[in-house]
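Comments concern the structure below.
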Amino acid sequence: MEKTERFSISIPSYLLRKFDGFLKEKGYQNRSEAIRDLIREKIVLGKEWECSKGEVIGVLVIVYNLNTRDISDKVCHHQHEFYEEIISTLHIHIDREHCLESIIIKGLPKKVREIADEIGTTKGVIFYKLIPATTGKFI
Ligand code: NI
């Protein structure tokens, strides 16, 4: 197991109050756990996506209106086009007309973003967001 180190930081009081409020809200037991998570998310994950020459993994969330002409077919065809990178899709029916899909994409960072943009900008998609996740190798 990796050695643990201690350090102290200086921070304006109002920011510390906000930080402690954040810990309470999220259910963190102590500041160290929260700081570690923030570092992982802001630094390690960022580097993994920006600098990695290897594969990354992300979740694309899209929402569309089922009544838009050919939308289901288009979204499905895109996913077949990228069958090598798209490893799983979950489709749920939000209500009578809206669908949500979470699409897990694995590949080189540039490719994953390209796929997310291509699917996300399909006519009729009313919301899309790519959530970068980690393969776990660097965190
Ligand atoms: Ni549906």
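Identifiers in this document derive from the order of the structure tokens: chains are assigned A, B, ..., residues are numbered from 1 separately in each chain, and ligands are numbered from 1 in order of occurrence.
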
Within 10 Å of ligand 1: each chain A residue with its shortest pair, only C-alpha atoms and all ligand atoms, as JSON lines:
{"residue": "A:Val63", "atom": "CA", "partner": "ligand 1", "partner_atom_place_in_ligand_line": "1 (Ni)", "distance": 9.5}
{"residue": "A:Tyr64", "atom": "CA", "partner": "ligand 1", "partner_atom_place_in_ligand_line": "1 (Ni)", "distance": 8.7}
{"residue": "A:Asn65", "atom": "CA", "partner": "ligand 1", "partner_atom_place_in_ligand_line": "1 (Ni)", "distance": 8.7}
{"residue": "A:Leu66", "atom": "CA", "partner": "ligand 1", "partner_atom_place_in_ligand_line": "1 (Ni)", "distance": 6.9}
{"residue": "A:Ser72", "atom": "CA", "partner": "ligand 1", "partner_atom_place_in_ligand_line": "1 (Ni)", "distance": 8.5}
{"residue": "A:His91", "atom": "CA", "partner": "ligand 1", "partner_atom_place_in_ligand_line": "1 (Ni)", "distance": 6.3}
{"residue": "A:Ile92", "atom": "CA", "partner": "ligand 1", "partner_atom_place_in_ligand_line": "1 (Ni)", "distance": 5.3}
{"residue": "A:His93", "atom": "CA", "partner": "ligand 1", "partner_atom_place_in_ligand_line": "1 (Ni)", "distance": 3.8}
{"residue": "A:Ile94", "atom": "CA", "partner": "ligand 1", "partner_atom_place_in_ligand_line": "1 (Ni)", "distance": 6.9}
{"residue": "A:Asp95", "atom": "CA", "partner": "ligand 1", "partner_atom_place_in_ligand_line": "1 (Ni)", "distance": 8.0}
{"residue": "A:Arg96", "atom": "CA", "partner": "ligand 1", "partner_atom_place_in_ligand_line": "1 (Ni)", "distance": 8.1}
{"residue": "A:Glu97", "atom": "CA", "partner": "ligand 1", "partner_atom_place_in_ligand_line": "1 (Ni)", "distance": 7.5}
{"residue": "A:His98", "atom": "CA", "partner": "ligand 1", "partner_atom_place_in_ligand_line": "1 (Ni)", "distance": 6.4}
{"residue": "A:Cys99", "atom": "CA", "partner": "ligand 1", "partner_atom_place_in_ligand_line": "1 (Ni)", "distance": 4.1}
{"residue": "A:Leu100", "atom": "CA", "partner": "ligand 1", "partner_atom_place_in_ligand_line": "1 (Ni)", "distance": 6.8}
{"residue": "A:Glu101", "atom": "CA", "partner": "ligand 1", "partner_atom_place_in_ligand_line": "1 (Ni)", "distance": 8.3}

Using only N, CA, C and O atoms, please write the residues we just selected to a file, as an mmCIF file, in the first residue's frame.
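Heads up, here's the output in selection.cif:
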data_model
loop_
_atom_site.group_PDB
_atom_site.id
_atom_site.type_symbol
_atom_site.label_atom_id
_atom_site.label_comp_id
_atom_site.auth_asym_id
_atom_site.auth_seq_id
_atom_site.Cartn_x
_atom_site.Cartn_y
_atom_site.Cartn_z
ATOM 1 N N VAL A 63 -30.813 12.307 -23.600
ATOM 2 C CA VAL A 63 -32.270 12.303 -23.433
ATOM 3 C C VAL A 63 -32.846 12.761 -24.762
ATOM 4 O O VAL A 63 -32.337 13.706 -25.366
ATOM 5 N N TYR A 64 -33.851 12.058 -25.248
ATOM 6 C CA TYR A 64 -34.499 12.491 -26.486
ATOM 7 C C TYR A 64 -35.999 12.248 -26.445
ATOM 8 O O TYR A 64 -36.497 11.475 -25.640
ATOM 9 N N ASN A 65 -36.654 12.980 -27.330
ATOM 10 C CA ASN A 65 -38.098 12.834 -27.450
ATOM 11 C C ASN A 65 -38.381 11.783 -28.517
ATOM 12 O O ASN A 65 -37.971 11.926 -29.668
ATOM 13 N N LEU A 66 -39.078 10.763 -28.123
ATOM 14 C CA LEU A 66 -39.366 9.620 -28.991
ATOM 15 C C LEU A 66 -40.131 10.017 -30.252
ATOM 16 O O LEU A 66 -40.044 9.353 -31.279
ATOM 17 N N SER A 72 -34.989 7.128 -32.750
ATOM 18 C CA SER A 72 -34.537 5.843 -32.184
ATOM 19 C C SER A 72 -33.618 5.116 -33.158
ATOM 20 O O SER A 72 -32.582 4.581 -32.763
ATOM 21 N N HIS A 91 -31.281 1.709 -21.696
ATOM 22 C CA HIS A 91 -32.343 2.583 -22.195
ATOM 23 C C HIS A 91 -33.482 2.567 -21.188
ATOM 24 O O HIS A 91 -33.940 1.496 -20.802
ATOM 25 N N ILE A 92 -33.909 3.739 -20.764
ATOM 26 C CA ILE A 92 -35.114 3.766 -19.921
ATOM 27 C C ILE A 92 -36.131 4.730 -20.522
ATOM 28 O O ILE A 92 -35.783 5.707 -21.177
ATOM 29 N N HIS A 93 -37.405 4.442 -20.285
ATOM 30 C CA HIS A 93 -38.489 5.287 -20.774
ATOM 31 C C HIS A 93 -38.872 6.208 -19.625
ATOM 32 O O HIS A 93 -39.437 5.760 -18.632
ATOM 33 N N ILE A 94 -38.536 7.476 -19.744
ATOM 34 C CA ILE A 94 -38.784 8.426 -18.653
ATOM 35 C C ILE A 94 -40.292 8.641 -18.466
ATOM 36 O O ILE A 94 -40.802 8.628 -17.359
ATOM 37 N N ASP A 95 -40.959 8.873 -19.579
ATOM 38 C CA ASP A 95 -42.421 9.019 -19.558
ATOM 39 C C ASP A 95 -42.947 8.560 -20.918
ATOM 40 O O ASP A 95 -42.258 7.838 -21.627
ATOM 41 N N ARG A 96 -44.128 8.983 -21.320
ATOM 42 C CA ARG A 96 -44.711 8.498 -22.580
ATOM 43 C C ARG A 96 -43.910 8.936 -23.812
ATOM 44 O O ARG A 96 -43.961 8.312 -24.855
ATOM 45 N N GLU A 97 -43.209 10.064 -23.713
ATOM 46 C CA GLU A 97 -42.476 10.516 -24.913
ATOM 47 C C GLU A 97 -40.964 10.650 -24.790
ATOM 48 O O GLU A 97 -40.289 10.779 -25.800
ATOM 49 N N HIS A 98 -40.428 10.620 -23.567
ATOM 50 C CA HIS A 98 -38.992 10.850 -23.423
ATOM 51 C C HIS A 98 -38.222 9.588 -23.034
ATOM 52 O O HIS A 98 -38.673 8.822 -22.185
ATOM 53 N N CYS A 99 -37.064 9.436 -23.668
ATOM 54 C CA CYS A 99 -36.197 8.300 -23.368
ATOM 55 C C CYS A 99 -34.856 8.814 -22.857
ATOM 56 O O CYS A 99 -34.395 9.879 -23.268
ATOM 57 N N LEU A 100 -34.250 8.050 -21.968
ATOM 58 C CA LEU A 100 -32.891 8.345 -21.501
ATOM 59 C C LEU A 100 -32.039 7.120 -21.789
ATOM 60 O O LEU A 100 -32.470 5.993 -21.570
ATOM 61 N N GLU A 101 -30.833 7.376 -22.304
ATOM 62 C CA GLU A 101 -29.894 6.268 -22.502
ATOM 63 C C GLU A 101 -28.590 6.616 -21.834
ATOM 64 O O GLU A 101 -28.123 7.759 -21.918
#

* Contacts of Ile104 of chain A at 10 Å or less, counting only C-alpha atoms, minus same-chain residues fewer than 4 places along, as a list in words? -> Ile57, Gly58, Val59, Leu60, Val61, Glu85, Ile86, Ile87, Ser88, Thr89, Leu90, Val112, Ala116, Leu130, Ile131 and Ala133 of chain A

* **strand (DSSP E or B) call set, DSSP backbone run, chain A, as JSON, numbers by chain** => {"A": [56, 57, 58, 59, 60, 61, 62, 63, 64, 65, 86, 87, 88, 89, 90, 91, 92, 93, 98, 99, 100, 101, 102, 103, 104, 105, 106, 107, 125, 126, 127, 128, 129, 130, 131, 132, 133]}

* Restricting the calculation to only C-alpha atoms, which member of A:Gly54, A:Asp20, A:Lys74, A:Thr68 is positioned closest to Glu33 of chain A? -> A:Asp20

* From a DSSP pass on the backbone, collect the residues of chain A flagged as helix (DSSP H, G or I) and hand them back as a ChimeraX atom specification. => /A:13-26,31-51,71-81,109-120

* Would you work out the distance separating atom CA of Ser52 of chain A from atom CA of Ser32 of chain A, expressed in Å to one decimal? =>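 Here the two named atoms are 27.0 Å from each other.
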
Applying 10 Å and only C-alpha atoms, which residues near segment 6-19 of chain A remain after dropping the ones on its own chain fewer than 4 positions away? List them as a PDB file with C-alpha atoms, in the first residue's frame.
ATOM      1  CA  LEU A  23     -18.397  17.460   3.642  1.00  0.00           C
ATOM      2  CA  LYS A  24     -21.513  17.374   5.782  1.00  0.00           C
ATOM      3  CA  GLU A  25     -23.808  17.506   2.783  1.00  0.00           C
ATOM      4  CA  ARG A  31     -11.559  16.467   5.434  1.00  0.00           C
ATOM      5  CA  SER A  32      -8.822  14.088   4.252  1.00  0.00           C
ATOM      6  CA  ALA A  34     -12.859  14.737   0.683  1.00  0.00           C
ATOM      7  CA  ILE A  35      -9.503  16.232  -0.321  1.00  0.00           C
TER       8      ILE A  35
END
